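A.B. asks: Below you'll find final_3.cif; it's mmCIF, C-alpha atoms.
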```
data_coords
#
loop_
_atom_site.label_atom_id
_atom_site.label_comp_id
_atom_site.auth_asym_id
_atom_site.auth_seq_id
_atom_site.Cartn_x
_atom_site.Cartn_y
_atom_site.Cartn_z
CA MET A 851 227.48 291.26 195.16
CA THR A 852 226.87 293.51 192.19
CA GLN A 853 227.12 290.54 189.84
CA VAL A 854 224.48 288.56 191.72
CA SER A 855 222.14 291.53 191.82
CA LEU A 856 222.36 292.21 188.10
CA HIS A 857 221.90 288.54 187.27
CA GLY A 858 218.83 288.50 189.49
CA ARG A 859 217.36 291.57 187.86
CA VAL A 860 217.94 290.17 184.40
CA LYS A 861 216.27 286.90 185.33
CA GLN A 862 213.33 288.71 186.87
CA LEU A 863 212.98 290.80 183.72
CA ILE A 864 212.91 287.62 181.62
CA ILE A 865 210.24 286.11 183.84
CA ASP A 866 208.12 289.26 183.93
CA ARG A 867 208.32 290.21 180.27
CA LEU A 868 207.73 286.68 179.02
CA GLN A 869 205.13 285.90 181.70
CA LEU A 870 206.88 282.67 182.72
CA GLU A 871 204.36 281.82 185.39
CA GLY A 872 205.59 279.62 188.19
CA MET A 873 209.24 280.22 187.36
CA LYS A 874 211.63 281.84 189.83
CA PRO A 875 214.95 283.54 189.09
CA GLU A 876 216.83 280.66 190.66
CA ASP A 877 215.20 278.28 188.17
CA ILE A 878 217.10 279.92 185.30
CA ASP A 879 220.64 278.69 184.74
CA ASP A 880 223.02 281.60 184.21
CA ALA A 881 224.90 279.79 181.47
CA ALA A 882 222.05 277.94 179.76
CA PRO A 883 220.99 279.07 176.27
CA LEU A 884 217.89 281.25 176.37
CA PHE A 885 216.80 280.01 172.95
CA GLY A 886 216.48 276.56 171.49
CA ASP A 887 217.28 273.78 173.93
CA GLY A 888 217.69 276.06 176.94
CA LEU A 889 214.77 278.16 178.05
CA GLY A 890 213.11 277.52 174.70
CA LEU A 891 212.51 281.12 173.72
CA ASP A 892 211.70 282.21 170.15
CA SER A 893 212.22 285.32 168.03
CA ILE A 894 209.09 287.07 169.28
CA ASP A 895 210.32 286.45 172.83
CA ALA A 896 213.61 288.04 171.76
CA LEU A 897 211.77 291.16 170.61
CA GLU A 898 209.93 291.23 173.94
CA LEU A 899 213.26 291.10 175.79
CA VAL A 900 214.81 293.76 173.57
CA ILE A 901 211.92 296.09 174.39
CA GLY A 902 212.08 295.22 178.08
CA ILE A 903 215.84 295.72 178.32
CA GLU A 904 215.63 299.15 176.74
CA LYS A 905 212.72 300.17 178.94
CA THR A 906 214.21 298.85 182.18
CA PHE A 907 217.93 299.41 181.73
CA GLY A 908 218.06 302.03 179.00
CA VAL A 909 220.21 299.78 176.85
CA ARG A 910 219.38 299.40 173.18
CA ILE A 911 220.17 296.24 171.29
CA GLN A 912 220.60 297.81 167.92
CA ASP A 913 220.53 294.86 165.56
CA GLU A 914 220.00 291.16 165.25
CA GLU A 915 223.69 290.28 165.19
CA VAL A 916 224.35 292.05 168.47
CA GLY A 917 221.16 290.59 169.89
CA ALA A 918 222.11 287.04 169.01
CA LYS A 919 225.25 287.37 171.13
CA ALA A 920 223.73 289.43 173.93
CA LEU A 921 220.72 287.15 174.32
CA ALA A 922 222.67 283.90 174.20
CA SER A 923 222.35 283.38 177.96
CA VAL A 924 221.84 285.30 181.20
CA ASN A 925 225.62 285.52 181.58
CA ALA A 926 225.97 286.93 178.06
CA LEU A 927 223.21 289.45 178.66
CA VAL A 928 224.74 290.62 181.93
CA GLU A 929 228.13 290.96 180.28
CA PHE A 930 226.60 292.91 177.41
CA MET A 931 224.83 295.30 179.77
CA ARG A 932 227.96 295.82 181.86
CA GLY A 933 229.68 296.78 178.64
CA LYS A 934 227.01 299.42 178.23
CA GLY A 935 227.65 300.78 181.72
CA VAL A 936 224.85 299.05 183.61
CA ASN A 937 225.66 297.91 187.13
CA GLY A 938 223.74 295.98 189.75
CA SER A 939 222.05 298.97 191.25
CA ALA A 940 221.01 300.52 187.93
CA MET Y 532 194.48 313.98 151.13
CA SER Y 533 193.24 310.44 151.30
CA THR Y 534 194.98 307.29 150.24
CA ALA Y 535 193.01 304.32 149.07
CA ALA Y 536 193.97 301.22 150.97
CA PRO Y 537 193.39 298.55 148.33
CA GLU Y 538 196.55 299.26 146.37
CA ARG Y 539 198.75 299.12 149.43
CA LEU Y 540 197.31 296.29 151.45
CA PRO Y 541 197.89 292.68 150.50
CA HIS Y 542 194.50 291.75 151.89
CA GLU Y 543 191.45 291.09 149.73
CA TYR Y 544 187.78 291.21 150.63
CA PRO Y 545 186.55 290.12 153.15
CA PHE Y 546 189.86 290.38 155.00
CA ARG Y 547 190.57 293.95 153.98
CA LEU Y 548 189.27 295.92 156.95
CA VAL Y 549 190.60 299.39 156.22
CA GLU Y 550 188.99 301.37 153.44
CA ARG Y 551 191.35 304.32 153.41
CA VAL Y 552 193.75 306.42 155.46
CA GLU Y 553 193.38 310.19 155.66
CA GLU Y 554 195.30 312.96 157.35
CA GLY Y 555 194.19 313.33 160.91
CA THR Y 556 194.57 315.95 163.57
CA ARG Y 557 197.20 316.33 166.31
CA GLY Y 558 199.63 314.10 164.49
CA ARG Y 559 197.22 311.22 164.24
CA HIS Y 560 196.21 309.31 161.13
CA ALA Y 561 192.54 308.97 160.29
CA VAL Y 562 191.48 305.46 159.32
CA VAL Y 563 188.12 304.56 157.87
CA LEU Y 564 186.99 301.01 158.52
CA ALA Y 565 185.99 299.04 155.44
CA THR Y 566 182.41 298.92 154.26
CA ALA Y 567 182.86 296.77 151.15
CA GLY Y 568 180.55 293.81 150.89
CA GLY Y 569 178.65 294.55 154.05
CA THR Y 570 178.93 291.02 155.32
CA LEU Y 571 181.17 292.11 158.16
CA ALA Y 572 178.56 294.50 159.46
CA ALA Y 573 177.62 293.63 163.02
CA PRO Y 574 174.71 295.24 164.90
CA ASP Y 575 176.64 295.11 168.14
CA GLY Y 576 179.90 296.26 166.56
CA TRP Y 577 182.94 294.33 165.41
CA PRO Y 578 184.42 291.83 167.83
CA VAL Y 579 187.79 292.76 169.24
CA THR Y 580 189.49 290.29 166.91
CA LEU Y 581 188.34 292.19 163.81
CA VAL Y 582 189.23 295.52 165.38
CA ALA Y 583 192.73 294.22 166.18
CA GLU Y 584 193.19 293.05 162.60
CA ALA Y 585 191.95 296.44 161.34
CA LEU Y 586 194.48 298.23 163.55
CA ALA Y 587 197.22 295.96 162.23
CA GLN Y 588 196.26 296.78 158.65
CA ALA Y 589 196.16 300.47 159.52
CA ILE Y 590 199.67 300.23 160.96
CA ILE Y 591 200.93 298.75 157.70
CA LEU Y 592 199.49 301.71 155.83
CA VAL Y 593 200.90 304.24 158.27
CA VAL Y 594 204.43 302.89 158.68
CA ARG Y 595 204.91 301.89 155.06
CA PRO Y 596 203.46 304.88 153.26
CA LEU Y 597 205.54 304.30 150.17
CA ASN Y 598 204.76 300.63 149.90
CA THR Y 599 208.39 299.76 150.54
CA GLY Y 600 207.72 296.19 151.46
CA GLY Y 601 205.22 293.88 153.00
CA LEU Y 602 204.58 293.36 156.69
CA ARG Y 603 202.88 290.34 158.17
CA LEU Y 604 200.97 290.31 161.45
CA VAL Y 605 202.64 287.84 163.81
CA GLY Y 606 201.50 288.90 167.26
CA LEU Y 607 198.99 290.87 169.30
CA LYS Y 608 199.30 291.97 172.90
CA ASN Y 609 197.29 294.07 175.31
CA VAL Y 610 194.32 294.41 172.97
CA ARG Y 611 191.45 296.39 174.45
CA LEU Y 612 188.17 297.53 172.92
CA TYR Y 613 186.42 300.45 174.57
CA GLN Y 614 183.75 301.36 172.03
CA LYS Y 615 181.52 299.57 169.55
CA LEU Y 616 183.13 299.92 166.14
CA ALA Y 617 181.50 299.17 162.82
CA PRO Y 618 182.19 299.47 159.06
CA GLY Y 619 182.51 303.09 157.97
CA ASP Y 620 183.66 304.34 161.35
CA ARG Y 621 186.45 306.91 161.20
CA LEU Y 622 189.21 306.34 163.75
CA GLU Y 623 192.10 308.61 164.56
CA ILE Y 624 195.09 306.49 165.44
CA GLU Y 625 198.45 307.11 167.07
CA VAL Y 626 201.20 304.66 166.16
CA GLU Y 627 204.43 304.38 168.15
CA GLU Y 628 207.27 301.99 167.40
CA LEU Y 629 208.12 300.11 170.60
CA GLY Y 630 211.04 298.04 169.39
CA VAL Y 631 212.79 296.27 166.54
CA PHE Y 632 214.65 292.99 166.44
CA GLY Y 633 215.68 291.65 163.07
CA GLU Y 634 212.61 291.62 160.87
CA LEU Y 635 210.26 291.87 163.84
CA ARG Y 636 208.77 295.19 164.83
CA ARG Y 637 206.30 296.02 167.55
CA TYR Y 638 204.02 299.03 167.47
CA SER Y 639 201.67 300.50 170.00
CA CYS Y 640 198.42 301.66 168.44
CA ARG Y 641 195.79 303.81 170.15
CA ALA Y 642 192.59 304.45 168.22
CA HIS Y 643 190.19 307.27 169.05
CA ARG Y 644 186.65 307.71 167.80
CA ALA Y 645 184.47 310.74 168.36
CA GLY Y 646 187.07 312.19 170.69
CA ALA Y 647 187.30 309.20 173.01
CA LEU Y 648 189.62 306.22 173.19
CA ALA Y 649 188.09 303.37 171.19
CA ALA Y 650 190.71 300.61 171.08
CA VAL Y 651 194.34 299.91 171.89
CA ALA Y 652 196.72 297.17 170.82
CA GLU Y 653 200.37 296.28 170.68
CA VAL Y 654 200.95 294.81 167.24
CA THR Y 655 203.98 292.77 166.22
CA VAL Y 656 204.69 292.50 162.52
CA SER Y 657 207.36 290.77 160.50
CA GLY Y 658 208.92 292.05 157.32
CA SER Y 659 212.12 293.50 155.95
#
```
If you took the structure in this file and wrote it as structure tokens, what would it be?
C.D. replies:
Amino acid sequence: MTQVSLHGRVKQLIIDRLQLEGMKPEDIDDAAPLFGDGLGLDSIDALELVIGIEKTFGVRIQDEEVGAKALASVNALVEFMRGKGVNGSA
Amino acid sequence: MSTAAPERLPHEYPFRLVERVEEGTRGRHAVVLATAGGTLAAPDGWPVTLVAEALAQAIILVVRPLNTGGLRLVGLKNVRLYQKLAPGDRLEIEVEELGVFGELRRYSCRAHRAGALAAVAEVTVSGS
């Protein structure tokens, strides 16, 4: 239950911060790459997500190396945030 | 103390839109918009695009006071113009770093003129 909720919140954050009009959380594959062939995001999108994640969840992605892993997919981002103590109701 | 912009900005006329940065009040930096050449003078004030570029140049001067490397404007967001601004105007600006990812940095900039909010922008720059 918690897992679904956090995935949903992460997807909604992606949609809201990147203004992906017409897209719903269920349209984003949990395991698909966010960059490149997946959702097609770029480095400026990554900065937008980094800012949004810190503002919404209080989690800082401190450098590019960590960010590359954390932002690989929705699953990776959820796992990263759980590692930082974020749960579904955060 | 004032610092002349030309030595610290990569821009040349007519793209150099900040003449100098001075110490401001209440923690703000005072920025004087460029007057050189006069061809960018506009009776109805600068368009928001020029103001946004001027704020971006001001941010470079404020966040890199020791000229420790170049920054390139790569994005603008939430740009708003609330007053007519023209060459020679003195703005007091507040700059806040919103986030960093790799070589990308985003700053929030709020510019005040004559005691009132004149323009705001979120500016994304790239540079090591």
A.B. asks: Give me, as number ranges by chain, the residues of chain Y touching chain A, with the criterion being at most 6 Å (counting only C-alpha atoms).
C.D. replies: Y: 630, 632-633
A.B. asks: Measuring atom to atom with only C-alpha atoms, identify which of Y:Arg621, Y:Lys615, Y:Lys608, Y:His643 is nearest to Ala573 of chain Y.
C.D. replies: Y:Lys615
A.B. asks: What residues come out when you apply the PyMOL selection byres ((chain Y and resi 636) around 9) to this file, written as a VMD selection string?
C.D. replies: (chain A and resid 897) or (chain Y and resid 628 to 635 637 to 638 654 to 658)
A.B. asks: Selection from above, C-alpha atoms, as a compact mmCIF listing (two decimals), in the coordinates of the input, can you write it?
C.D. replies:
```txt
# COMPACT_ATOMS: atom_id res chain seq x y z
CA LEU A 897 211.77 291.16 170.61
CA GLU Y 628 207.27 301.99 167.40
CA LEU Y 629 208.12 300.11 170.60
CA GLY Y 630 211.04 298.04 169.39
CA VAL Y 631 212.79 296.27 166.54
CA PHE Y 632 214.65 292.99 166.44
CA GLY Y 633 215.68 291.65 163.07
CA GLU Y 634 212.61 291.62 160.87
CA LEU Y 635 210.26 291.87 163.84
CA ARG Y 637 206.30 296.02 167.55
CA TYR Y 638 204.02 299.03 167.47
CA VAL Y 654 200.95 294.81 167.24
CA THR Y 655 203.98 292.77 166.22
CA VAL Y 656 204.69 292.50 162.52
CA SER Y 657 207.36 290.77 160.50
CA GLY Y 658 208.92 292.05 157.32
```
A.B. asks: For the provided coordinates, the residues matched by the PyMOL selection byres ((chain A and resi 882) around 10) should be stated as a ChimeraX atom specification.
C.D. replies: /A:878-881,883-885,887-889,922-926
A.B. asks: Convert the output of the PyMOL selection byres ((chain Y and resi 641) around 7) on the shown file into explicit residues, formatted as number ranges by chain.
C.D. replies: Y: 624-626, 639-640, 642-643, 650-652
A.B. asks: Determine the nearest neighbour of Val562 of chain Y from the options Y:Val549, Y:Ser659, Y:Glu627, Y:Gly601, counting all atoms listed in the file.
C.D. replies: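 Checking each candidate against Val562 of chain Y, we get Y:Val549 as the closest.
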A.B. asks: Of the candidates A:Glu876, A:Glu871, A:Asp866, A:Asp895, which one gets nearest to Val605 of chain Y if we count only C-alpha atoms?
C.D. replies: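 Among A:Glu876, A:Glu871, A:Asp866, A:Asp895, it is A:Asp895 that comes nearest to Val605 of chain Y.
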A.B. asks: In Å to one decimal, how far is atom CA of Glu584 of chain Y from atom CA of Gly646 of chain Y?
C.D. replies: 21.7 Å
A.B. asks: With a distance cut-off of 9 Å and all atoms listed in the file, select the neighbouring residues of Lys934 of chain A, excluding the residue or stretch itself and same-chain residues fewer than 4 positions from it, and output the selection as a compact mmCIF listing (two decimals) with C-alpha atoms, in the coordinates of the input.
C.D. replies:
```
# COMPACT_ATOMS: atom_id res chain seq x y z
CA VAL A 909 220.21 299.78 176.85
CA GLU A 929 228.13 290.96 180.28
CA PHE A 930 226.60 292.91 177.41
```
A.B. asks: Quick check, in Å to one decimal: how far apart do atom CA of Thr580 of chain Y and atom CA of Arg867 of chain A lie?
C.D. replies: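 Calculated distance between atom CA of Thr580 of chain Y and atom CA of Arg867 of chain A is 23.1 Å.
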A.B. asks: Would you mind telling me which residue in A:Leu870, A:Gly908, A:Pro875, A:Gly890 lies nearest to Gly858 of chain A when using all atoms listed in the file?
C.D. replies: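 The answer is A:Pro875, which sits nearest to Gly858 of chain A.
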A.B. asks: Between atom CA of Ala585 of chain Y and atom CA of Leu548 of chain Y, what is the distance, to one decimal in Å?
C.D. replies: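 Rounded to one decimal, the two atoms are 5.2 Å apart.
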A.B. asks: Could you check the closest approach to Glu553 of chain Y for each of Y:Ala617, Y:Leu604, Y:Ala649, Y:Leu592 and tell me which residue wins, using all atoms listed in the file?
C.D. replies: Y:Leu592
A.B. asks: Which residue is closest to Asn609 of chain Y? Choose from Y:Ala647, Y:Glu653, Y:Ile590, Y:Pro578 and count only C-alpha atoms.
C.D. replies: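 The closest residue to Asn609 of chain Y is Y:Glu653.
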A.B. asks: Please export segment 592-621 of chain Y as an mmCIF file, in the first residue's frame, restricted to N, CA and C atoms.
C.D. replies:
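Output saved as out00.cif:
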```cif
data_model
loop_
_atom_site.group_PDB
_atom_site.id
_atom_site.type_symbol
_atom_site.label_atom_id
_atom_site.label_comp_id
_atom_site.auth_asym_id
_atom_site.auth_seq_id
_atom_site.Cartn_x
_atom_site.Cartn_y
_atom_site.Cartn_z
ATOM 1 N N LEU Y 592 27.200 38.057 -12.245
ATOM 2 C CA LEU Y 592 28.067 38.978 -11.502
ATOM 3 C C LEU Y 592 27.947 38.776 -9.998
ATOM 4 N N VAL Y 593 26.772 38.418 -9.545
ATOM 5 C CA VAL Y 593 26.544 38.280 -8.109
ATOM 6 C C VAL Y 593 27.082 36.952 -7.580
ATOM 7 N N VAL Y 594 26.854 35.872 -8.321
ATOM 8 C CA VAL Y 594 27.245 34.554 -7.798
ATOM 9 C C VAL Y 594 28.680 34.189 -8.133
ATOM 10 N N ARG Y 595 29.277 34.891 -9.053
ATOM 11 C CA ARG Y 595 30.686 34.655 -9.382
ATOM 12 C C ARG Y 595 31.493 35.938 -9.188
ATOM 13 N N PRO Y 596 31.520 36.427 -7.963
ATOM 14 C CA PRO Y 596 32.161 37.728 -7.748
ATOM 15 C C PRO Y 596 33.663 37.727 -8.025
ATOM 16 N N LEU Y 597 34.264 36.567 -7.969
ATOM 17 C CA LEU Y 597 35.709 36.510 -8.187
ATOM 18 C C LEU Y 597 36.056 36.021 -9.582
ATOM 19 N N ASN Y 598 35.076 36.011 -10.438
ATOM 20 C CA ASN Y 598 35.309 35.577 -11.814
ATOM 21 C C ASN Y 598 35.939 34.197 -11.856
ATOM 22 N N THR Y 599 35.320 33.267 -11.120
ATOM 23 C CA THR Y 599 35.885 31.932 -10.985
ATOM 24 C C THR Y 599 35.424 30.973 -12.080
ATOM 25 N N GLY Y 600 34.835 31.489 -13.089
ATOM 26 C CA GLY Y 600 34.423 30.627 -14.180
ATOM 27 C C GLY Y 600 33.195 31.176 -14.864
ATOM 28 N N GLY Y 601 32.994 30.763 -16.073
ATOM 29 C CA GLY Y 601 31.887 31.294 -16.844
ATOM 30 C C GLY Y 601 30.590 30.555 -16.572
ATOM 31 N N LEU Y 602 29.497 31.231 -16.745
ATOM 32 C CA LEU Y 602 28.175 30.627 -16.652
ATOM 33 C C LEU Y 602 27.409 31.000 -17.913
ATOM 34 N N ARG Y 603 26.640 30.071 -18.398
ATOM 35 C CA ARG Y 603 25.892 30.296 -19.634
ATOM 36 C C ARG Y 603 24.410 30.142 -19.339
ATOM 37 N N LEU Y 604 23.628 31.089 -19.810
ATOM 38 C CA LEU Y 604 22.175 31.034 -19.621
ATOM 39 C C LEU Y 604 21.593 29.911 -20.470
ATOM 40 N N VAL Y 605 20.877 28.984 -19.814
ATOM 41 C CA VAL Y 605 20.291 27.871 -20.559
ATOM 42 C C VAL Y 605 18.781 27.741 -20.340
ATOM 43 N N GLY Y 606 18.232 28.533 -19.423
ATOM 44 C CA GLY Y 606 16.792 28.405 -19.237
ATOM 45 C C GLY Y 606 16.209 29.543 -18.424
ATOM 46 N N LEU Y 607 14.960 29.873 -18.736
ATOM 47 C CA LEU Y 607 14.228 30.893 -17.989
ATOM 48 C C LEU Y 607 12.862 30.331 -17.645
ATOM 49 N N LYS Y 608 12.387 30.682 -16.457
ATOM 50 C CA LYS Y 608 11.089 30.175 -16.013
ATOM 51 C C LYS Y 608 10.431 31.238 -15.153
ATOM 52 N N ASN Y 609 9.130 31.293 -15.226
ATOM 53 C CA ASN Y 609 8.359 32.199 -14.360
ATOM 54 C C ASN Y 609 8.886 33.638 -14.416
ATOM 55 N N VAL Y 610 9.072 34.129 -15.627
ATOM 56 C CA VAL Y 610 9.550 35.501 -15.810
ATOM 57 C C VAL Y 610 8.355 36.446 -15.782
ATOM 58 N N ARG Y 611 8.457 37.459 -14.948
ATOM 59 C CA ARG Y 611 7.375 38.449 -14.840
ATOM 60 C C ARG Y 611 7.977 39.847 -14.798
ATOM 61 N N LEU Y 612 7.347 40.770 -15.500
ATOM 62 C CA LEU Y 612 7.789 42.162 -15.514
ATOM 63 C C LEU Y 612 6.663 43.020 -14.957
ATOM 64 N N TYR Y 613 6.980 43.766 -13.901
ATOM 65 C CA TYR Y 613 5.940 44.540 -13.222
ATOM 66 C C TYR Y 613 6.090 46.047 -13.402
ATOM 67 N N GLN Y 614 7.263 46.471 -13.881
ATOM 68 C CA GLN Y 614 7.481 47.901 -14.100
ATOM 69 C C GLN Y 614 8.173 48.101 -15.438
ATOM 70 N N LYS Y 615 8.057 49.290 -15.984
ATOM 71 C CA LYS Y 615 8.835 49.640 -17.169
ATOM 72 C C LYS Y 615 10.276 49.874 -16.729
ATOM 73 N N LEU Y 616 11.199 49.188 -17.384
ATOM 74 C CA LEU Y 616 12.613 49.339 -17.057
ATOM 75 C C LEU Y 616 13.363 49.818 -18.288
ATOM 76 N N ALA Y 617 14.353 50.664 -18.062
ATOM 77 C CA ALA Y 617 15.071 51.261 -19.182
ATOM 78 C C ALA Y 617 16.547 51.385 -18.821
ATOM 79 N N PRO Y 618 17.415 51.625 -19.834
ATOM 80 C CA PRO Y 618 18.843 51.802 -19.561
ATOM 81 C C PRO Y 618 19.086 52.852 -18.484
ATOM 82 N N GLY Y 619 20.016 52.552 -17.586
ATOM 83 C CA GLY Y 619 20.344 53.468 -16.505
ATOM 84 C C GLY Y 619 19.551 53.235 -15.237
ATOM 85 N N ASP Y 620 18.494 52.449 -15.316
ATOM 86 C CA ASP Y 620 17.715 52.161 -14.109
ATOM 87 C C ASP Y 620 18.575 51.389 -13.106
ATOM 88 N N ARG Y 621 18.355 51.684 -11.831
ATOM 89 C CA ARG Y 621 19.082 51.003 -10.765
ATOM 90 C C ARG Y 621 18.124 50.035 -10.076
#
```
